[in-house]
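Novice: The structure under discussion is supplied below as structure tokens; questions concerning it will follow.
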Amino acid sequence: MAVKDRDRFSTATRIRLLGEQTAARVYRSQTRRQARRSRLTGRAALLALVMCTLIVALAYPMREYVSQRAEIDDLRREQQQARQRVERLRDQKARWQDDAYAEQQIRQRLHYVMPGETGFIVVDPHAARQSHAVLGTADRVWYANVWDGVDKSDASAR
């Protein structure tokens with residue numbers, strides 16, 4: 001028994017016991033952390049998976065719902081515009097049924113005059129300048145005229 005007691009109090013034995021105790025504490029704390037982490041991570045992963053599944057499952061129907069609502073709004077707006085156009089055309093048809101309006105439009109658009117009246121046409125001075133510019137194109141080379149035509153058509157497209 002004396003040898004056992006002596007071994008128990010030796011430095012090597014104490015250091016070995018301290019090392020074993022420390023290793024046991026470290027192992028216990030690591031397993032506790034891992035157990036806590038793994039439970040939390042598993043729950044979080046399951047929650048994330050459920051949320052992603054719900055988002056994916058609801059994304060397409062919500063997109064379709066929103067697009068259909070937008071399409072319904074567009075169709076209602078087009079229907080309202082069509083009703084307004086029909087109303088304008090009915091008003092215009094009713095005006096054309098009136099002989100005084102038809103006579104006014106014929107005189108204005110076709111430059112008709114009643115017997116005994118003198119007709120006048122006022123020429124726009126800017127139109128005369130434009131016609132002179134068109135006459136000047138005959139003096140230029142053909143490709144300059146083509147390029148000017150392209151420029152004018154591009155400007156009118158804007």
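By convention here, the chains of the structure tokens are called A, B, ... in the order presented, each chain's residues are numbered starting at 1, and ligands are numbered starting at 1 in the order presented.
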Residues near A:Gln108, anyone? I mean within 12 Å using only C-alpha atoms, not counting same-chain ones fewer than 5 positions away, as a JSON list (two decimals) with C-alpha atoms, in the first residue's frame.

Specialist:
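What follows is the written file around_35.json:
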```json
[["chain", "number", "residue", "atom", "x", "y", "z"],
["A", 101, "TYR", "CA", -72.36, 71.06, -90.95],
["A", 102, "ALA", "CA", -71.87, 69.05, -94.15],
["A", 103, "GLU", "CA", -71.94, 72.26, -96.23],
["A", 113, "VAL", "CA", -67.81, 78.46, -102.92],
["A", 119, "GLY", "CA", -62.89, 82.25, -103.20],
["A", 120, "PHE", "CA", -59.51, 83.14, -101.75],
["A", 121, "ILE", "CA", -56.62, 80.86, -100.82]]
```
